[in-house]
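S.K.: Structure: input.cif, mmCIF, C-alpha atoms and all ligand atoms.
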data_target
loop_
_atom_site.label_atom_id
_atom_site.label_comp_id
_atom_site.auth_asym_id
_atom_site.auth_seq_id
_atom_site.Cartn_x
_atom_site.Cartn_y
_atom_site.Cartn_z
CA MET A 1 13.25 -5.11 -11.36
CA ARG A 2 14.48 -1.75 -12.49
CA VAL A 3 11.13 -0.36 -13.36
CA MET A 4 11.74 3.17 -12.30
CA GLU A 5 15.04 4.94 -12.11
CA ARG A 6 13.92 7.93 -10.17
CA THR A 7 14.61 8.48 -6.53
CA PHE A 8 12.27 7.11 -3.97
CA ARG A 9 11.24 10.58 -2.87
CA GLU A 10 10.29 11.45 -6.43
CA GLN A 11 8.35 8.24 -6.76
CA LEU A 12 6.45 8.97 -3.61
CA PHE A 13 5.81 12.43 -4.84
CA PHE A 14 4.43 10.97 -8.00
CA LEU A 15 2.18 8.66 -6.02
CA VAL A 16 0.99 11.40 -3.76
CA LEU A 17 0.24 13.47 -6.79
CA CYS A 18 -1.64 10.63 -8.41
CA LEU A 19 -3.64 10.08 -5.27
CA PHE A 20 -4.65 13.70 -5.12
CA VAL A 21 -5.54 13.63 -8.79
CA LEU A 22 -7.55 10.48 -8.24
CA LYS A 23 -9.38 12.05 -5.36
CA GLY A 24 -10.27 14.86 -7.71
CA ASP A 25 -11.20 12.40 -10.41
CA SER A 26 -13.39 10.42 -8.15
CA ARG A 27 -15.60 13.45 -7.79
CA TYR A 28 -15.51 13.72 -11.55
CA ILE A 29 -15.26 17.45 -11.77
CA GLU A 30 -11.81 18.18 -13.12
CA ASN A 31 -11.38 15.41 -15.65
CA ASN A 32 -12.71 16.58 -18.97
CA ASP A 33 -12.16 13.29 -20.84
CA ILE A 34 -15.08 11.72 -19.09
CA LEU A 35 -18.09 10.76 -21.14
CA LYS A 36 -21.54 10.78 -19.63
CA ASP A 37 -21.66 7.00 -19.83
CA ASP A 38 -18.43 6.71 -17.92
CA LEU A 39 -19.75 9.05 -15.32
CA TYR A 40 -22.89 7.02 -14.96
CA SER A 41 -21.02 3.76 -14.68
CA PHE A 42 -18.67 5.28 -12.18
CA PHE A 43 -21.42 6.41 -9.86
CA ASN A 44 -22.93 3.00 -10.16
CA ALA A 45 -19.60 1.52 -9.23
CA GLU A 46 -19.60 3.65 -6.13
CA LEU A 47 -23.06 2.51 -5.13
CA LYS A 48 -22.79 -1.17 -5.87
CA ARG A 49 -20.13 -3.64 -4.88
CA GLU A 50 -20.85 -6.05 -7.72
CA ILE A 51 -20.60 -4.19 -10.97
CA PRO A 52 -21.85 -5.74 -14.17
CA GLU A 53 -19.08 -5.72 -16.74
CA GLU A 54 -20.88 -3.42 -19.14
CA LEU A 55 -21.19 -0.75 -16.47
CA MET A 56 -17.58 -0.89 -15.38
CA TYR A 57 -15.46 2.18 -15.48
CA ARG A 58 -13.05 1.91 -18.40
CA ARG A 59 -9.99 3.78 -19.41
CA PRO A 60 -6.62 3.15 -21.06
CA LEU A 61 -3.78 1.96 -18.86
CA ARG A 62 -0.64 4.06 -18.92
CA CYS A 63 2.90 2.70 -18.79
CA LEU A 64 3.30 4.22 -15.33
CA ASP A 65 -0.06 4.30 -13.62
CA MET A 66 -1.84 4.51 -10.32
CA ILE A 67 -5.33 3.11 -9.96
CA ALA A 68 -7.61 3.41 -6.96
CA VAL A 69 -10.96 2.57 -8.56
CA GLU A 70 -12.52 -0.61 -9.87
CA GLY A 71 -12.70 -0.90 -13.61
CA GLN A 72 -11.21 -2.17 -16.82
CA PHE A 73 -7.89 -0.81 -17.92
CA THR A 74 -6.53 -1.55 -21.36
CA PHE A 75 -2.95 -1.14 -22.34
CA THR A 76 -2.12 -0.83 -26.02
CA ALA A 77 1.52 -0.42 -26.94
CA GLU A 78 2.15 2.30 -29.48
CA ARG A 79 5.84 1.49 -29.38
CA PRO A 80 8.00 -0.95 -27.39
CA GLN A 81 7.43 -0.35 -23.68
CA LEU A 82 10.06 -2.18 -21.72
CA SER A 83 9.51 -1.12 -18.15
CA CYS A 84 5.99 -0.32 -17.12
CA ALA A 85 4.28 -0.55 -13.76
CA ALA A 86 0.76 0.04 -12.53
CA PHE A 87 0.10 0.50 -8.82
CA PHE A 88 -3.29 -0.47 -7.46
CA MET A 89 -4.75 0.68 -4.20
CA ALA A 90 -7.96 0.07 -2.24
CA GLU A 91 -9.40 1.00 1.15
CA PRO A 92 -7.61 -0.48 4.19
CA ASN A 93 -10.35 -3.10 4.63
CA GLU A 94 -10.28 -4.26 1.02
CA VAL A 95 -8.19 -6.55 -1.12
CA ILE A 96 -7.76 -6.28 -4.87
CA THR A 97 -8.35 -8.80 -7.60
CA VAL A 98 -6.67 -8.48 -10.96
CA ASP A 99 -8.08 -10.33 -13.98
CA TYR A 100 -6.33 -10.65 -17.30
CA ASP A 101 -8.47 -10.32 -20.42
CA ASN A 102 -7.81 -10.21 -24.15
CA VAL A 103 -4.11 -10.69 -23.66
CA ASP A 104 -2.26 -10.28 -26.91
CA ILE A 105 1.43 -10.22 -26.03
CA ASP A 106 4.49 -12.10 -27.24
CA CYS A 107 5.57 -14.24 -24.30
CA ARG A 108 8.24 -16.00 -26.35
CA GLY A 109 9.59 -12.70 -27.53
CA GLY A 110 10.21 -11.61 -23.95
CA ASP A 111 7.00 -9.77 -23.20
CA PHE A 112 5.56 -10.27 -19.74
CA ILE A 113 2.77 -9.19 -17.43
CA THR A 114 3.43 -9.95 -13.80
CA VAL A 115 1.12 -9.25 -10.90
CA PHE A 116 2.82 -8.65 -7.58
CA ASP A 117 1.03 -9.14 -4.27
CA GLY A 118 2.06 -5.82 -2.74
CA TRP A 119 4.09 -2.89 -3.99
CA VAL A 120 7.69 -2.81 -5.12
CA MET A 121 9.57 0.45 -5.31
CA LYS A 122 13.27 0.80 -5.88
CA GLY A 123 13.75 -2.85 -5.00
CA GLU A 124 11.90 -2.51 -1.70
CA LYS A 125 8.72 -4.43 -1.06
CA PHE A 126 5.58 -3.84 0.94
CA PRO A 127 4.60 -5.88 2.88
CA SER A 128 8.10 -6.91 3.85
CA THR A 129 9.04 -10.57 3.50
CA GLN A 130 8.80 -10.84 7.30
CA ASP A 131 5.22 -9.68 7.44
CA HIS A 132 3.70 -11.31 4.38
CA PRO A 133 1.93 -14.68 4.72
CA LEU A 134 3.25 -15.99 1.39
CA PRO A 135 6.82 -16.77 0.38
CA MET A 136 8.26 -14.31 -2.12
CA TYR A 137 8.00 -16.56 -5.20
CA GLU A 138 4.28 -17.00 -4.64
CA ARG A 139 3.75 -13.25 -4.56
CA TYR A 140 4.68 -12.92 -8.23
CA VAL A 141 2.19 -14.31 -10.72
CA ASP A 142 3.39 -14.12 -14.28
CA TYR A 143 0.89 -14.31 -17.10
CA CYS A 144 3.29 -16.06 -19.45
CA ASP A 145 4.19 -18.73 -16.87
CA SER A 146 0.72 -19.39 -15.57
CA GLY A 147 -1.18 -18.45 -18.72
CA SER A 148 -4.81 -19.30 -18.64
CA LEU A 149 -4.35 -21.32 -15.46
CA ARG A 150 -4.59 -18.27 -13.27
CA ARG A 151 -6.70 -15.63 -14.86
CA THR A 152 -7.46 -13.97 -11.54
CA VAL A 153 -4.93 -12.93 -8.97
CA ARG A 154 -5.98 -11.75 -5.56
CA SER A 155 -3.88 -9.59 -3.29
CA SER A 156 -3.38 -10.21 0.41
CA GLN A 157 -3.76 -6.52 1.34
CA ASN A 158 -5.05 -3.22 -0.02
CA VAL A 159 -2.20 -2.75 -2.47
CA ALA A 160 -1.03 -4.70 -5.49
CA MET A 161 0.80 -3.92 -8.70
CA VAL A 162 1.45 -5.12 -12.20
CA PHE A 163 4.73 -4.97 -14.07
CA PHE A 164 4.74 -5.34 -17.80
CA ARG A 165 7.04 -5.30 -20.77
CA ILE A 166 5.87 -5.23 -24.35
CA HIS A 167 8.14 -5.27 -27.39
CA ASN A 168 5.72 -4.91 -30.28
CA ALA A 169 3.59 -1.96 -31.18
CA GLY A 170 -0.04 -2.99 -31.29
CA SER A 171 0.21 -5.62 -28.55
CA SER A 172 -2.36 -5.12 -25.86
CA PHE A 173 -4.09 -6.52 -22.83
CA THR A 174 -6.88 -5.58 -20.45
CA LEU A 175 -6.85 -5.75 -16.67
CA THR A 176 -10.05 -5.84 -14.68
CA ILE A 177 -9.60 -4.50 -11.18
CA ARG A 178 -12.08 -5.31 -8.46
CA LYS A 179 -12.12 -4.74 -4.74
CA LEU A 180 -13.32 -7.23 -2.15
CA ILE A 181 -13.97 -6.69 1.53
CA ASN A 182 -11.24 -8.05 3.74
CA PRO A 183 -12.70 -8.79 7.18
CA PHE A 184 -9.25 -9.10 8.80
CA PRO A 185 -6.96 -6.54 7.26
CA CYS A 186 -3.37 -6.87 8.36
CA ASN A 187 -0.90 -4.97 6.22
CA VAL A 188 -2.13 -1.67 4.83
CA ILE A 189 -0.83 1.35 2.96
CA SER A 190 -2.92 4.38 3.79
CA GLN A 191 -4.68 5.92 0.83
CA SER A 192 -4.60 9.39 2.26
CA PRO A 193 -2.30 11.57 4.38
CA GLU A 194 -4.83 11.87 7.14
CA GLY A 195 -7.27 9.61 8.87
CA SER A 196 -7.63 7.25 11.75
CA TYR A 197 -7.34 3.52 12.02
CA THR A 198 -7.73 0.67 14.46
CA MET A 199 -5.50 -2.31 13.91
CA VAL A 200 -6.64 -5.56 15.46
CA ILE A 201 -4.83 -8.88 15.46
CA PRO A 202 -7.24 -11.51 16.74
CA GLN A 203 -5.13 -14.17 18.47
CA GLN A 204 -2.92 -14.79 15.51
CA HIS A 205 0.81 -15.25 15.52
CA ARG A 206 1.58 -12.65 12.93
CA ASN A 207 2.77 -9.09 12.46
CA CYS A 208 0.85 -6.32 10.76
CA SER A 209 1.94 -2.93 9.46
CA PHE A 210 0.02 0.21 8.67
CA SER A 211 2.11 2.38 6.42
CA ILE A 212 1.57 6.09 5.81
CA ILE A 213 3.70 7.32 2.93
CA TYR A 214 3.67 10.93 4.00
CA PRO A 215 5.35 12.90 6.76
CA VAL A 216 2.72 13.01 9.49
CA GLU A 217 1.84 13.78 13.04
CA ILE A 218 0.61 10.58 14.57
CA ASP A 219 -1.41 10.27 17.74
CA ILE A 220 -1.82 6.88 19.37
CA SER A 221 -5.07 7.10 21.22
CA GLU A 222 -5.82 3.62 22.41
CA PHE A 223 -3.85 0.54 22.96
CA SER A 224 -4.41 -2.89 24.33
CA LEU A 225 -2.05 -5.80 24.21
CA GLY A 226 -3.40 -8.99 25.60
CA HIS A 227 -4.03 -8.81 29.30
CA TYR A 228 -2.43 -5.40 29.70
CA ASN A 229 -5.26 -3.05 29.03
CA ASN A 230 -3.23 0.05 29.38
CA PHE A 231 -3.06 3.46 27.93
CA PRO A 232 -0.14 3.68 25.51
CA LYS A 233 3.06 2.80 27.22
CA ARG A 234 6.51 3.26 25.91
CA SER A 235 8.97 0.71 27.09
CA MET A 236 12.42 0.53 28.39
CA PRO A 237 14.32 -2.09 26.46
CA GLY A 238 12.46 -5.32 26.82
CA CYS A 239 9.43 -4.62 24.68
CA ALA A 240 10.58 -7.25 22.23
CA GLU A 241 10.74 -9.82 25.02
CA SER A 242 7.10 -9.30 25.80
CA GLY A 243 6.12 -10.97 22.53
CA ASP A 244 3.28 -8.53 21.91
CA PHE A 245 4.13 -4.94 21.17
CA VAL A 246 3.63 -2.01 18.84
CA GLN A 247 6.45 -0.34 16.97
CA LEU A 248 6.49 3.08 15.44
CA LEU A 249 8.90 3.04 12.51
CA GLY A 250 10.13 5.67 10.10
CA GLY A 251 12.28 5.93 7.01
CA ASN A 252 12.37 6.70 3.36
CA GLY A 253 11.62 3.30 1.80
CA ILE A 254 8.58 1.04 1.82
CA ASP A 255 10.16 -2.11 3.28
CA THR A 256 9.12 -2.01 6.94
CA SER A 257 11.95 -4.35 7.94
CA LYS A 258 14.43 -1.68 6.80
CA LEU A 259 12.85 1.23 8.62
CA LEU A 260 14.28 2.65 11.82
CA PRO A 261 12.45 2.25 15.11
CA ILE A 262 11.18 5.54 16.50
CA THR A 263 9.63 3.99 19.56
CA ASP A 264 8.29 0.70 20.88
CA LEU A 265 5.11 0.60 22.89
CA CYS A 266 4.36 -2.14 25.32
CA ILE A 267 4.02 -2.03 29.10
CA SER A 268 5.84 0.82 30.78
CA PHE A 269 5.49 4.37 29.66
CA THR A 270 8.02 7.16 29.32
CA GLY A 271 7.00 9.45 26.54
CA PRO A 272 4.40 11.23 24.49
CA THR A 273 2.08 9.34 22.25
CA GLN A 274 1.75 12.20 19.86
CA MET A 275 4.67 12.56 17.53
CA LYS A 276 5.66 14.48 14.44
CA ILE A 277 7.61 12.30 12.07
CA GLY A 278 9.24 13.95 9.09
CA CYS A 279 9.80 10.73 7.16
CA ASP A 280 8.52 9.75 3.74
CA ASN A 281 7.11 6.63 5.33
CA THR A 282 5.72 6.29 8.83
CA VAL A 283 4.64 2.85 9.98
CA VAL A 284 2.69 1.48 12.91
CA ARG A 285 3.65 -2.18 13.22
CA MET A 286 2.12 -4.62 15.63
CA VAL A 287 3.94 -7.78 16.65
CA SER A 288 1.59 -10.41 17.93
CA SER A 289 2.37 -13.70 19.68
CA GLY A 290 -1.05 -15.15 18.99
CA LYS A 291 -1.90 -15.47 22.68
CA PHE A 292 -4.03 -12.35 22.87
CA VAL A 293 -6.34 -10.12 20.91
CA ASN A 294 -4.18 -7.07 20.29
CA ARG A 295 -5.42 -3.69 19.27
CA VAL A 296 -4.06 -0.22 18.61
CA SER A 297 -5.92 2.89 17.49
CA PHE A 298 -4.31 5.99 16.07
CA SER A 299 -4.98 9.05 13.99
CA TYR A 300 -2.66 10.97 11.73
CA ARG A 301 -2.47 14.11 9.66
CA LEU A 302 -0.07 15.53 7.11
CA LEU A 303 2.69 17.82 8.38
CA ASP A 304 2.77 21.17 6.67
CA ALA A 305 5.92 22.67 5.17
CA GLN A 306 6.56 24.80 8.23
CA GLU A 307 6.33 21.88 10.63
CA LEU A 308 8.70 19.91 8.42
CA GLN A 309 11.10 22.80 8.44
CA THR A 310 10.95 22.97 12.24
CA ILE A 311 11.72 19.26 12.56
CA LYS A 312 14.61 19.70 10.17
CA LEU A 313 16.03 22.61 12.15
CA ASN A 314 15.46 21.04 15.55
CA ASN A 315 17.62 18.17 14.48
CA VAL A 316 15.80 15.88 16.85
CA GLU A 317 13.86 13.01 15.32
CA ASP A 318 15.24 13.95 11.97
CA PHE A 319 17.05 10.82 10.85
CA CYS A 320 14.85 10.79 7.79
CA PHE A 321 16.44 13.94 6.50
CA ASN A 322 19.94 12.56 6.80
CA ASN A 323 19.78 9.99 4.04
C1 LIG A 401 7.05 -10.86 13.99
O1 LIG A 401 8.09 -9.94 14.19
C2 LIG A 401 8.99 -10.34 15.22
C3 LIG A 401 9.93 -9.18 15.50
O2 LIG A 401 10.10 -8.32 14.42
C4 LIG A 401 9.68 -11.60 14.77
O3 LIG A 401 10.60 -12.02 15.77
C5 LIG A 401 8.64 -12.69 14.55
O4 LIG A 401 9.25 -13.84 14.05
C6 LIG A 401 7.57 -12.22 13.58
N1 LIG A 401 6.49 -13.18 13.57
C7 LIG A 401 5.96 -13.67 12.47
C8 LIG A 401 4.86 -14.65 12.64
O5 LIG A 401 6.38 -13.39 11.37
#
Could you render the structure as structure tokens?
M.R.:
Amino acid sequence: MRVMERTFREQLFFLVLCLFVLKGDSRYIENNDILKDDLYSFFNAELKREIPEELMYRRPLRCLDMIAVEGQFTFTAERPQLSCAAFFMAEPNEVITVDYDNVDIDCRGGDFITVFDGWVMKGEKFPSTQDHPLPMYERYVDYCDSGSLRRTVRSSQNVAMVFFRIHNAGSSFTLTIRKLINPFPCNVISQSPEGSYTMVIPQQHRNCSFSIIYPVEIDISEFSLGHYNNFPKRSMPGCAESGDFVQLLGGNGIDTSKLLPITDLCISFTGPTQMKIGCDNTVVRMVSSGKFVNRVSFSYRLLDAQELQTIKLNNVEDFCFNN
């Protein structure tokens, strides 16, 4: 879907910006549109997992939007809006549910509201087809096709999105966004440019990715793959043969299967575990055979402009700047 025509870098910039704004919003200092009631309901939302509907945070949904809080978001078309998208995001250990309410759109006239289990940007998807448990067609749930049959759609990871197209002014719908705890997170997009994370795959034959959509320094601090309880080890070729390994990937899109490998970590060790990666997207991906409990811990922080400049000039791990 050609929802956004801008370059990927611009889109990421937009997202980053939104995230920072949201972080500001969530402290409710900057945003002057907030009523006292909203404020109250928001703090309640922060304290309680189950929020009664009347206390939910509410605001209008914009044609291009980014939402990181639970609440009710109502879109009302003031004119035809043919390519809109709302990105939803939760904590790494949460999934998102999207409920449709009060839908007044013209399905026959070509309107649609489609929830996607993941994010799509510039035709690229997260999680990649390889790493998602569901086939692609099941990841799209269209309101007009499923109608009242599926009023609630639940994501498989901490990100989801909704595409919509509305032809008639005055048409509207409301989305209720909730977050649920996910005891076994697999694929994740980091909400912030710094933090730390431990990825665990408990004896499952699957692959998980942790994606950081910022240029970062990443430090892999702990690592255990099955029976090899080693400190991080970088391999010679042959990591892939071991069946259980960790990949560090980088690139400028969100599809992890299209990113370039920076390094593989499995048994033998030849390099540093702290790396500066000047890519728009840095991913830690764990491939798991299902025979072992695999675990990797890492921390990351945003590179500043000067560090980025140095990477650019050094011309070393700079393949991200070449596209
Ligand atoms: C995990 O990834 C590896 C290598 O990228 C692939 O060969 C394997 O089929 C994937 N496993 C699953 C369960 O998707």
S.K.: Return as a list in words every polymer residue, whether protein, DNA or RNA, with at least one atom no more than 6 Å from an atom of ligand LIG 401 (chain A); count only C-alpha atoms and all ligand atoms.
M.R.: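 Checked against 6 Å with only C-alpha atoms and all ligand atoms; the hits are Gln130, Asp131, His205, Arg206, Asn207 and Val287 of chain A.
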S.K.: Tell me, counting all atoms listed in the file, for each residue of stretch 68-153 of chain A within 12 Å of stretch 252-266 of chain A, which pair of atoms is nearest and how far apart they are in Å to one decimal, in rows ordered by chain and increasing number, as CSV.
M.R.:
residue,atom,partner,partner_atom,distance
A:Gly118,CA,A:Ile254,CA,10.5
A:Trp119,CA,A:Ile254,CA,8.3
A:Val120,CA,A:Ile254,CA,8.0
A:Met121,CA,A:Ile254,CA,7.2
A:Lys122,CA,A:Gly253,CA,8.2
A:Gly123,CA,A:Asp255,CA,9.1
A:Glu124,CA,A:Asp255,CA,5.3
A:Lys125,CA,A:Asp255,CA,5.1
A:Phe126,CA,A:Asp255,CA,5.4
A:Pro127,CA,A:Asp255,CA,6.7
A:Ser128,CA,A:Asp255,CA,5.3
A:Thr129,CA,A:Ser257,CA,8.2
A:Gln130,CA,A:Ser257,CA,7.2
A:Asp131,CA,A:Ser257,CA,8.6
A:His132,CA,A:Thr256,CA,11.1
S.K.: What would the file look like if the residues just selected were written as a PDB file, in the frame of the given file with C-alpha atoms?
M.R.:
ATOM      1  CA  GLY A 118       2.060  -5.820  -2.740  1.00  0.00           C
ATOM      2  CA  TRP A 119       4.090  -2.890  -3.990  1.00  0.00           C
ATOM      3  CA  VAL A 120       7.690  -2.810  -5.120  1.00  0.00           C
ATOM      4  CA  MET A 121       9.570   0.450  -5.310  1.00  0.00           C
ATOM      5  CA  LYS A 122      13.270   0.800  -5.880  1.00  0.00           C
ATOM      6  CA  GLY A 123      13.750  -2.850  -5.000  1.00  0.00           C
ATOM      7  CA  GLU A 124      11.900  -2.510  -1.700  1.00  0.00           C
ATOM      8  CA  LYS A 125       8.720  -4.430  -1.060  1.00  0.00           C
ATOM      9  CA  PHE A 126       5.580  -3.840   0.940  1.00  0.00           C
ATOM     10  CA  PRO A 127       4.600  -5.880   2.880  1.00  0.00           C
ATOM     11  CA  SER A 128       8.100  -6.910   3.850  1.00  0.00           C
ATOM     12  CA  THR A 129       9.040 -10.570   3.500  1.00  0.00           C
ATOM     13  CA  GLN A 130       8.800 -10.840   7.300  1.00  0.00           C
ATOM     14  CA  ASP A 131       5.220  -9.680   7.440  1.00  0.00           C
ATOM     15  CA  HIS A 132       3.700 -11.310   4.380  1.00  0.00           C
TER      16      HIS A 132
END
S.K.: Using all atoms listed in the file, which residue out of A:Ala90, A:Ile220, A:Ile277, A:Leu302 lies closest to A:Pro193?
M.R.: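 When distances to A:Pro193 are compared using all atoms listed in the file, the smallest one comes from A:Leu302.
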S.K.: From the options A:Thr176, A:Thr76, A:Gln157, A:Thr97, which residue's atoms come nearest to A:Met56, counting only C-alpha atoms?
M.R.: A:Thr176
S.K.: Ranking A:Asn314, A:Gln204, A:Gln309, A:Thr273 by minimum distance to A:Met286 and counting only C-alpha atoms, which one comes first?
M.R.: A:Gln204
S.K.: I need the residue nearest A:Ile67 from this list: A:Val216, A:Arg139, A:Met89, A:Ser224. Use all atoms listed in the file for the distance.
M.R.: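 Closest to A:Ile67, using all atoms listed in the file: A:Met89.
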S.K.: Which protein, DNA or RNA residues are at most 12 Å from (-8.0, 4.6, 21.5) in the file's coordinates when you count only C-alpha atoms, listed as a PyMOL selection string?
M.R.: chain A and resi 196-200+219-224+229-232+273+295-299
S.K.: Could you give me, as an NGL selection string, the residues that have an atom at most 10 Å away from the point (8.3, -12.9, -23.2) in the coordinates of the file, using all atoms listed in the file?
M.R.: :A and (105-113 or 143-145 or 164-167)
S.K.: Could you work out how far atom CA of A:Thr114 lies from atom CA of A:Arg59, giving the answer in Å with one decimal?
M.R.: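 According to the coordinates, atom CA of A:Arg59 and atom CA of A:Thr114 are separated by 20.0 Å.
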S.K.: Let me make sure I understand: among A:Ser146, A:Gln203, A:Asn187, A:Gln81, which one has the smallest atom-to-atom distance to A:Val95 if we use all atoms listed in the file?
M.R.: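 Result for the nearest residue to A:Val95: A:Asn187.
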S.K.: Which value, in Å to one decimal, gives the distance between atom CA of A:Val293 and atom CA of A:Pro92?
M.R.: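 Between these atoms lies a distance of 19.3 Å.
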